[in-house]
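Take a look at the structure below.
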Amino acid sequence: MEAILALEDGTVYRGEAFGAEGERTGEIVFNTSMTGYQEILTDPSYAGQIVVMTYPHIGNYGVNSADIESRRPFVEGFVVREYSRVFSNWRAEASLEDYMKHYGIVGIAEIDTRALVRHIRERGAMRACLSTQTLDAEEAVRRARAAPSMLGLDLASRVTCEHPYVWNEWAARLDPANDSRGTQAARFHVVAYDFGVKFNILRQLAARGCWVTVVPAHTSADDVLALKPDGVFLSNGPGDPEPLTGVVANLRRLIGRVPIFGICLGHQLLGLAFGGRTYKLKFGHRGGNQPVKNLRTGRVEITAHNHGFAVAAETLPPEVEPTHINLNDGTLEGMRHREYPIFSVQYHPEASPGPHDALYLFDDFIRLMEIHRRER
C-alpha cells in the first residue's frame with residue numbers, strides 16, 4: 001500500500017505504508033539513534049510528533065514487552081528508510097509492524113530519509129501529514145498546514161497519569177489496584193511529577209533505594225508536601241513548557257522546601273519557575289549521541305536527548321548556576337541552584353535508548369536527599 005508524507009512547506013514524499021492504515025498530523029522531527037526504536041515509540045515526549053529515524057534499517061529485532069518506556073506508544077507517525085519485515089532476536093515477541101497496527105501508528109518506508117533530514121535541518125521542524133487515506137499531494141499539504149503548531153501546545157496534560165500510583169515493576173502497567181508492596185525497605189520517598197515520565201527513570205530511582213510515588217502533572221504543591229517526600233522529581237514530557245503556568249506556580253512553592261531533580265521538560269519548567277524564559281529550537285535535539293560538557297568537572301558526556309525547547313541561560317537569575325552546555329550549539333543542558341538543593345538537566349541520563357555516561361546524576365540526587373535529611 002502506498003503512503004504519502006507532506007510537509008507544510010509543500011514538500012511531498014511518497015513511499016510504502018507499514019503499520020496501521022490511517023492519517024496523522026504532527027510536528028516532523030528526526031532521531032539519530034541506531035537502535036531503540038521501541039523505546040522511542042513509547043517515549044511520551046514524542047506526543048504530537050512524527051518521528052524520522054536517521055538509521056536506515058529499522059525493525060530487524062522486533063519488539064518485546066520489556067523495553068517499553070510508558071503505558072503505550074505516543075508518536076503520531078513513524079518514518080524509516082527501510083522497514084525489515086524479517087526480525088530475529090531471542091527477546092522478540094512480535095514484529096514492529098504488528099505492534100504499530102495494534103496501537104494505530106501509521107508508518108511510511110522506502111523514502112529518502114537522508115534528504116528529508118537535511119531538509120528539516122535547513123528549514124526547521126515543521127508540521128506534517130502522514131496518510132494512507134489521501135494520496136493527493138495538495139490535499140495532504142493542506143492538512144499538514146491545518147495541524148496545530150507546537151508553540152503554545154500543552155501536551156503534558158494529555159500524557160500524564162490520571163491518578164497517583166506507587167512505582168514498582170508490578171505497577172508499571174498502571175494497574176489501578178497497585179499497592180506499595182516492597183516499599184518498606186526503601187531509604188527515601190520520592191514524589192515524581194508525571195509530565196510524560198519514562199519507566200527507566202523510575203527504575204533508576206527505585207534501584208537506588210527510592211520509594212517512588214508518581215503524581216499527575218497538575219498536582220498541587222500542598223498535596224505533594226502532604227506526602228512527606230524526601231525529594232521531588234520533575235519528569236520529561238512533550239510540548240511547550242510555557243502554557244503550564246499552574247505547574248510552574250506549584251514548583252515555585254516547592255523551591256527551598258525539598259530537594260528537586262528535573263529532566264528535560266522538568267528542567268524547562270524549573271527554569272521558568274526560577275524566572276527564566278524558554279524558546280523553541282530550530283529542529284531540536286533527538287538521539288543518543290549529543291556531546292555535553294560538564295562545566296563543573298570539565299568532562300564531556302555523550303548523552304541521549306529528546307527535546308524541541310530549551311532554557312535561555314542569559315535569562316536565569318544569578319543564584320542559578322549553569323552546569324552543562326551542549327557542545328554542538330552551546331545550548332544550556334544543566335543548571336543548579338547555588339543555595340537550595342535543586343538541579344536539573346535538559347538531556348536524558350536514564351538513556352533507554354542511549355549511552356550511560358550521565359547515570360551519576362541519579363546518585364547526585366540521592367546525595368542531596370541524604371544531606372537534606374541530616375540537616376532537617
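By convention in this document, the chains of the C-alpha cells carry letters A, B, ... by their order, each chain's residues are numbered from 1, and ligands are numbered from 1 in the order they are shown.
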
- Query: Would you give me, as a PyMOL selection string, the residues in segment 54-131 of chain A that DSSP reads as strand (DSSP E or B)?
  - Reply: chain A and resi 57-58+63+77-79+82-83+94+106-109+126-131

Write out, as a short mmCIF file (atom, residue, chain, number, x, y, z; two decimals), in the first residue's frame, the residues just selected, with N, CA, C and O atoms.
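Saved file again-v3.cif follows:
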```cif
data_model
loop_
_atom_site.label_atom_id
_atom_site.label_comp_id
_atom_site.auth_asym_id
_atom_site.auth_seq_id
_atom_site.Cartn_x
_atom_site.Cartn_y
_atom_site.Cartn_z
N HIS A 57 17.95 1.10 8.68
CA HIS A 57 17.37 -0.24 8.74
C HIS A 57 16.64 -0.40 10.08
O HIS A 57 17.28 -0.49 11.12
N ILE A 58 15.32 -0.44 10.05
CA ILE A 58 14.52 -0.42 11.27
C ILE A 58 13.58 -1.63 11.29
O ILE A 58 12.94 -1.95 10.28
N VAL A 63 9.95 -6.45 18.53
CA VAL A 63 9.59 -5.71 19.74
C VAL A 63 9.35 -6.71 20.87
O VAL A 63 9.15 -7.90 20.63
N GLY A 77 3.36 9.36 14.14
CA GLY A 77 3.71 8.59 12.95
C GLY A 77 5.18 8.23 12.96
O GLY A 77 5.97 8.80 13.73
N PHE A 78 5.55 7.29 12.08
CA PHE A 78 6.93 6.76 12.08
C PHE A 78 7.43 6.70 10.64
O PHE A 78 6.74 6.15 9.76
N VAL A 79 8.63 7.24 10.41
CA VAL A 79 9.19 7.35 9.06
C VAL A 79 10.56 6.67 9.04
O VAL A 79 11.43 7.02 9.83
N GLU A 82 14.17 1.96 5.42
CA GLU A 82 13.85 0.57 5.07
C GLU A 82 13.26 -0.14 6.29
O GLU A 82 13.90 -0.21 7.34
N TYR A 83 12.05 -0.66 6.15
CA TYR A 83 11.45 -1.45 7.20
C TYR A 83 11.75 -2.93 6.95
O TYR A 83 11.47 -3.45 5.87
N ALA A 94 7.10 -9.98 18.90
CA ALA A 94 6.25 -9.64 17.76
C ALA A 94 7.03 -8.76 16.81
O ALA A 94 8.12 -8.28 17.14
N VAL A 106 0.69 4.97 12.22
CA VAL A 106 0.89 4.95 10.77
C VAL A 106 2.37 5.12 10.47
O VAL A 106 3.05 5.95 11.08
N GLY A 107 2.88 4.31 9.54
CA GLY A 107 4.29 4.39 9.16
C GLY A 107 4.47 4.50 7.67
O GLY A 107 3.58 4.12 6.88
N ILE A 108 5.62 5.02 7.25
CA ILE A 108 5.98 5.09 5.84
C ILE A 108 7.44 4.71 5.70
O ILE A 108 8.29 5.14 6.49
N ALA A 109 7.74 3.87 4.71
CA ALA A 109 9.10 3.42 4.42
C ALA A 109 9.41 3.66 2.95
O ALA A 109 8.56 4.12 2.18
N MET A 126 8.76 21.22 11.26
CA MET A 126 7.52 21.83 10.77
C MET A 126 6.38 20.83 10.85
O MET A 126 6.58 19.65 11.12
N ARG A 127 5.18 21.30 10.61
CA ARG A 127 4.02 20.43 10.64
C ARG A 127 4.00 19.53 9.41
O ARG A 127 4.47 19.92 8.33
N ALA A 128 3.44 18.34 9.60
CA ALA A 128 3.41 17.37 8.50
C ALA A 128 2.15 16.52 8.60
O ALA A 128 1.50 16.45 9.65
N CYS A 129 1.82 15.89 7.48
CA CYS A 129 0.69 14.96 7.41
C CYS A 129 1.20 13.65 6.82
O CYS A 129 1.83 13.65 5.76
N LEU A 130 0.95 12.55 7.53
CA LEU A 130 1.32 11.21 7.07
C LEU A 130 0.02 10.44 6.85
O LEU A 130 -0.77 10.29 7.78
N SER A 131 -0.21 9.97 5.61
CA SER A 131 -1.53 9.44 5.30
C SER A 131 -1.49 8.26 4.33
O SER A 131 -0.68 8.24 3.41
#
```

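Residue nearest Leu368 of chain A, chosen from A:Ala310, A:Leu155, A:Ile260, A:Val300 and counting only C-alpha atoms: A:Ile260.
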
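Residues in contact with segment 313-324 of chain A at up to 8 Å, not including ones fewer than 2 positions away on its chain and judged by only C-alpha atoms, are Gly271, Phe274, Gly275, Gly276, Arg277, Val292, Lys293, Asn294, Leu295, Arg296, Val311, Asn326, Thr331, Leu332, Glu333, Gly334, Met335, Arg336, His337, Arg338, Glu339 and Val345 of chain A.
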
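Those residues that approach Trp211 of chain A to within 8 Å, counting only C-alpha atoms, are Val166, Trp167, Thr183, Ala186, Arg187, Phe188, His189, Val190, Leu205 and Ala206 of chain A; same-chain residues fewer than 4 positions away are not listed.
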
File of the preceding selection, C-alpha atoms, as a compact mmCIF listing (two decimals), in the first residue's frame:
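Written output follows (result.txt):
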```txt
# COMPACT_ATOMS: atom_id res chain seq x y z
CA VAL A 166 3.37 3.84 43.64
CA TRP A 167 6.01 2.67 41.18
CA THR A 183 8.41 -0.18 49.63
CA ALA A 186 13.20 1.99 50.71
CA ARG A 187 15.63 4.61 52.00
CA PHE A 188 13.91 7.67 50.50
CA HIS A 189 10.45 8.65 49.40
CA VAL A 190 10.48 10.50 46.07
CA LEU A 205 15.33 5.81 41.24
CA ALA A 206 13.96 2.51 42.58
```

- Message: List the spatial neighbours of segment 28-39 of chain A as a ChimeraX atom specification - criterion: any atom at most 9 Å away, only C-alpha atoms, same-chain residues fewer than 3 positions off excluded.
- Response: /A:7,25,42-43,48-59,62-64,67-70,73,77,79,96,117,120,124-129,283-289,304-306,308,352-354

- Within 9 Å of Gly104 of chain A, counting only C-alpha atoms, which residues qualify if same-chain residues fewer than 2 places away don't, as a list of chain:residue names? A:Gly19, A:Ala20, A:Glu21, A:Gly22, A:Tyr99, A:Met100, A:Lys101, A:His102, A:Val106

Expected file contents, prior selection, all heavy atoms, as a PDB file, in the first residue's frame:
```pdb
ATOM      1  N   GLY A  19       2.640  -0.642   9.183  1.00  0.00           N
ATOM      2  CA  GLY A  19       1.923  -0.326  10.408  1.00  0.00           C
ATOM      3  C   GLY A  19       0.440  -0.169  10.125  1.00  0.00           C
ATOM      4  O   GLY A  19      -0.118  -0.828   9.248  1.00  0.00           O
ATOM      5  N   ALA A  20      -0.212   0.727  10.851  1.00  0.00           N
ATOM      6  CA  ALA A  20      -1.650   0.910  10.719  1.00  0.00           C
ATOM      7  C   ALA A  20      -1.998   1.761   9.502  1.00  0.00           C
ATOM      8  O   ALA A  20      -1.211   2.595   9.055  1.00  0.00           O
ATOM      9  CB  ALA A  20      -2.210   1.568  11.979  1.00  0.00           C
ATOM     10  N   GLU A  21      -3.183   1.551   8.964  1.00  0.00           N
ATOM     11  CA  GLU A  21      -3.721   2.441   7.941  1.00  0.00           C
ATOM     12  C   GLU A  21      -4.350   3.634   8.636  1.00  0.00           C
ATOM     13  O   GLU A  21      -4.824   3.541   9.767  1.00  0.00           O
ATOM     14  CB  GLU A  21      -4.775   1.716   7.102  1.00  0.00           C
ATOM     15  CG  GLU A  21      -4.246   0.533   6.330  1.00  0.00           C
ATOM     16  CD  GLU A  21      -5.337  -0.156   5.535  1.00  0.00           C
ATOM     17  OE1 GLU A  21      -6.335   0.524   5.185  1.00  0.00           O
ATOM     18  OE2 GLU A  21      -5.215  -1.371   5.274  1.00  0.00           O
ATOM     19  N   GLY A  22      -4.341   4.783   7.963  1.00  0.00           N
ATOM     20  CA  GLY A  22      -4.962   5.950   8.559  1.00  0.00           C
ATOM     21  C   GLY A  22      -4.230   7.222   8.193  1.00  0.00           C
ATOM     22  O   GLY A  22      -3.484   7.277   7.202  1.00  0.00           O
ATOM     23  N   TYR A  99       3.047  -4.470  16.075  1.00  0.00           N
ATOM     24  CA  TYR A  99       2.964  -3.586  17.232  1.00  0.00           C
ATOM     25  C   TYR A  99       2.340  -2.248  16.840  1.00  0.00           C
ATOM     26  O   TYR A  99       1.454  -1.727  17.535  1.00  0.00           O
ATOM     27  CB  TYR A  99       4.371  -3.387  17.796  1.00  0.00           C
ATOM     28  CG  TYR A  99       4.461  -2.617  19.091  1.00  0.00           C
ATOM     29  CD1 TYR A  99       4.111  -3.201  20.305  1.00  0.00           C
ATOM     30  CD2 TYR A  99       4.920  -1.297  19.112  1.00  0.00           C
ATOM     31  CE1 TYR A  99       4.212  -2.509  21.501  1.00  0.00           C
ATOM     32  CE2 TYR A  99       5.027  -0.596  20.298  1.00  0.00           C
ATOM     33  CZ  TYR A  99       4.673  -1.207  21.484  1.00  0.00           C
ATOM     34  OH  TYR A  99       4.768  -0.511  22.666  1.00  0.00           O
ATOM     35  N   MET A 100       2.772  -1.696  15.725  1.00  0.00           N
ATOM     36  CA  MET A 100       2.240  -0.423  15.262  1.00  0.00           C
ATOM     37  C   MET A 100       0.771  -0.548  14.873  1.00  0.00           C
ATOM     38  O   MET A 100      -0.037   0.353  15.142  1.00  0.00           O
ATOM     39  CB  MET A 100       3.078   0.103  14.100  1.00  0.00           C
ATOM     40  CG  MET A 100       4.471   0.536  14.519  1.00  0.00           C
ATOM     41  SD  MET A 100       5.568   0.938  13.130  1.00  0.00           S
ATOM     42  CE  MET A 100       4.683   2.271  12.328  1.00  0.00           C
ATOM     43  N   LYS A 101       0.401  -1.658  14.244  1.00  0.00           N
ATOM     44  CA  LYS A 101      -1.010  -1.874  13.904  1.00  0.00           C
ATOM     45  C   LYS A 101      -1.865  -1.935  15.163  1.00  0.00           C
ATOM     46  O   LYS A 101      -2.969  -1.377  15.203  1.00  0.00           O
ATOM     47  CB  LYS A 101      -1.155  -3.158  13.100  1.00  0.00           C
ATOM     48  CG  LYS A 101      -0.691  -3.060  11.654  1.00  0.00           C
ATOM     49  CD  LYS A 101      -0.878  -4.395  10.943  1.00  0.00           C
ATOM     50  CE  LYS A 101      -0.462  -4.296   9.478  1.00  0.00           C
ATOM     51  NZ  LYS A 101      -0.586  -5.604   8.783  1.00  0.00           N
ATOM     52  N   HIS A 102      -1.364  -2.615  16.171  1.00  0.00           N
ATOM     53  CA  HIS A 102      -2.120  -2.776  17.419  1.00  0.00           C
ATOM     54  C   HIS A 102      -2.430  -1.426  18.058  1.00  0.00           C
ATOM     55  O   HIS A 102      -3.525  -1.233  18.617  1.00  0.00           O
ATOM     56  CB  HIS A 102      -1.336  -3.651  18.390  1.00  0.00           C
ATOM     57  CG  HIS A 102      -2.010  -3.862  19.701  1.00  0.00           C
ATOM     58  ND1 HIS A 102      -3.073  -4.726  19.867  1.00  0.00           N
ATOM     59  CD2 HIS A 102      -1.793  -3.301  20.928  1.00  0.00           C
ATOM     60  CE1 HIS A 102      -3.478  -4.703  21.125  1.00  0.00           C
ATOM     61  NE2 HIS A 102      -2.716  -3.852  21.795  1.00  0.00           N
ATOM     62  N   VAL A 106       0.692   4.968  12.222  1.00  0.00           N
ATOM     63  CA  VAL A 106       0.888   4.954  10.771  1.00  0.00           C
ATOM     64  C   VAL A 106       2.374   5.117  10.470  1.00  0.00           C
ATOM     65  O   VAL A 106       3.052   5.954  11.076  1.00  0.00           O
ATOM     66  CB  VAL A 106       0.082   6.089  10.105  1.00  0.00           C
ATOM     67  CG1 VAL A 106       0.254   6.049   8.587  1.00  0.00           C
ATOM     68  CG2 VAL A 106      -1.383   5.988  10.481  1.00  0.00           C
TER      69      VAL A 106
END
```

- Note on the structure: In Å and to one decimal, atom CA of Lys198 of chain A is distant from atom CA of Ala156 of chain A by 12.8 Å

- Task: State, in Å with one decimal place, the distance from atom CA of Thr134 of chain A to atom CA of Ser149 of chain A.
- Result: 21.8 Å

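Rounded to one decimal, atom CA of Glu122 of chain A and atom CA of Tyr46 of chain A lie 21.2 Å from each other.
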
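With distances restricted to only C-alpha atoms, A:Ala351 is the closest residue to Phe199 of chain A from A:Met1, A:Leu135, A:Ala92, A:Ala351.
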
- Note on the structure: Restricting to only C-alpha atoms, whichever of A:His307, A:Arg252, A:Arg14, A:Lys228 is closest to Tyr279 of chain A is A:His307

- Message: List the spatial neighbours of Gln204 of chain A as number ranges by chain - criterion: any atom at most 10 Å away, only C-alpha atoms, same-chain residues fewer than 5 positions off excluded.
- Response: A: 199, 209-210, 349-350, 359, 362-363

- Counting only C-alpha atoms, closest pick from A:Arg142, A:His218, A:Arg299, A:Arg114 relative to His163 of chain A is A:His218

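Ranking A:Glu23, A:Asp230, A:Asp364, A:Glu97 by their shortest atom-to-atom distance to Val191 of chain A, with only C-alpha atoms included, puts A:Asp230 first.
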
- Item | Per-residue DSSP, segment 107-297 of chain A, filtered to helix (DSSP H, G or I), as a VMD selection string | chain A and resid 113 to 123 137 to 146 156 to 159 169 to 171 199 to 207 221 to 226 245 to 254 265 to 273

Same residues, C-alpha atoms, output as a JSON list (two decimals), in the first residue's frame:
```json
[["chain", "number", "residue", "atom", "x", "y", "z"],
["A", 113, "THR", "CA", 15.29, 9.85, 4.83],
["A", 114, "ARG", "CA", 18.72, 11.47, 4.32],
["A", 115, "ALA", "CA", 17.16, 14.10, 2.05],
["A", 116, "LEU", "CA", 14.26, 14.56, 4.46],
["A", 117, "VAL", "CA", 16.55, 15.05, 7.48],
["A", 118, "ARG", "CA", 18.72, 17.54, 5.59],
["A", 119, "HIS", "CA", 15.55, 19.42, 4.68],
["A", 120, "ILE", "CA", 14.44, 19.56, 8.32],
["A", 121, "ARG", "CA", 17.90, 20.73, 9.39],
["A", 122, "GLU", "CA", 17.79, 23.56, 6.86],
["A", 123, "ARG", "CA", 14.15, 24.62, 7.21],
["A", 137, "ALA", "CA", -0.35, 15.98, -2.64],
["A", 138, "GLU", "CA", -2.18, 19.29, -2.44],
["A", 139, "GLU", "CA", -4.77, 17.92, -0.03],
["A", 140, "ALA", "CA", -2.09, 16.34, 2.19],
["A", 141, "VAL", "CA", -0.17, 19.64, 2.34],
["A", 142, "ARG", "CA", -3.39, 21.45, 3.26],
["A", 143, "ARG", "CA", -3.99, 19.02, 6.12],
["A", 144, "ALA", "CA", -0.40, 19.50, 7.34],
["A", 145, "ARG", "CA", -0.90, 23.26, 7.42],
["A", 146, "ALA", "CA", -4.14, 22.82, 9.38],
["A", 156, "ALA", "CA", 1.88, 17.16, 29.16],
["A", 157, "SER", "CA", -1.75, 17.28, 30.28],
["A", 158, "ARG", "CA", -2.56, 14.74, 27.56],
["A", 159, "VAL", "CA", 0.05, 12.15, 28.52],
["A", 169, "GLU", "CA", 7.67, -3.26, 38.14],
["A", 170, "TRP", "CA", 4.37, -4.85, 39.04],
["A", 171, "ALA", "CA", 2.62, -1.46, 38.90],
["A", 199, "PHE", "CA", 9.77, 3.98, 33.02],
["A", 200, "ASN", "CA", 13.57, 3.80, 33.08],
["A", 201, "ILE", "CA", 13.73, 7.00, 35.12],
["A", 202, "LEU", "CA", 11.55, 5.34, 37.73],
["A", 203, "ARG", "CA", 13.65, 2.18, 37.53],
["A", 204, "GLN", "CA", 16.83, 4.18, 38.17],
["A", 205, "LEU", "CA", 15.33, 5.81, 41.24],
["A", 206, "ALA", "CA", 13.96, 2.51, 42.58],
["A", 207, "ALA", "CA", 17.32, 0.81, 42.01],
["A", 221, "ALA", "CA", 2.44, 21.75, 45.90],
["A", 222, "ASP", "CA", 0.43, 21.26, 49.10],
["A", 223, "ASP", "CA", -0.63, 17.78, 48.03],
["A", 224, "VAL", "CA", 2.96, 16.88, 47.18],
["A", 225, "LEU", "CA", 4.26, 18.13, 50.53],
["A", 226, "ALA", "CA", 1.48, 16.25, 52.31],
["A", 245, "THR", "CA", 1.56, 28.12, 34.22],
["A", 246, "GLY", "CA", -0.17, 26.22, 37.02],
["A", 247, "VAL", "CA", 2.67, 23.70, 37.18],
["A", 248, "VAL", "CA", 5.25, 26.49, 37.31],
["A", 249, "ALA", "CA", 3.35, 28.13, 40.19],
["A", 250, "ASN", "CA", 3.41, 24.83, 42.11],
["A", 251, "LEU", "CA", 7.15, 24.43, 41.53],
["A", 252, "ARG", "CA", 7.81, 27.92, 42.88],
["A", 253, "ARG", "CA", 6.12, 26.85, 46.12],
["A", 254, "LEU", "CA", 8.40, 23.81, 46.37],
["A", 265, "LEU", "CA", 10.57, 19.23, 30.32],
["A", 266, "GLY", "CA", 11.08, 19.20, 34.09],
["A", 267, "HIS", "CA", 14.29, 21.19, 33.53],
["A", 268, "GLN", "CA", 12.45, 23.72, 31.36],
["A", 269, "LEU", "CA", 9.63, 24.12, 33.88],
["A", 270, "LEU", "CA", 12.18, 24.62, 36.65],
["A", 271, "GLY", "CA", 13.85, 27.31, 34.52],
["A", 272, "LEU", "CA", 10.50, 29.10, 34.23],
["A", 273, "ALA", "CA", 9.96, 28.73, 37.99]]
```
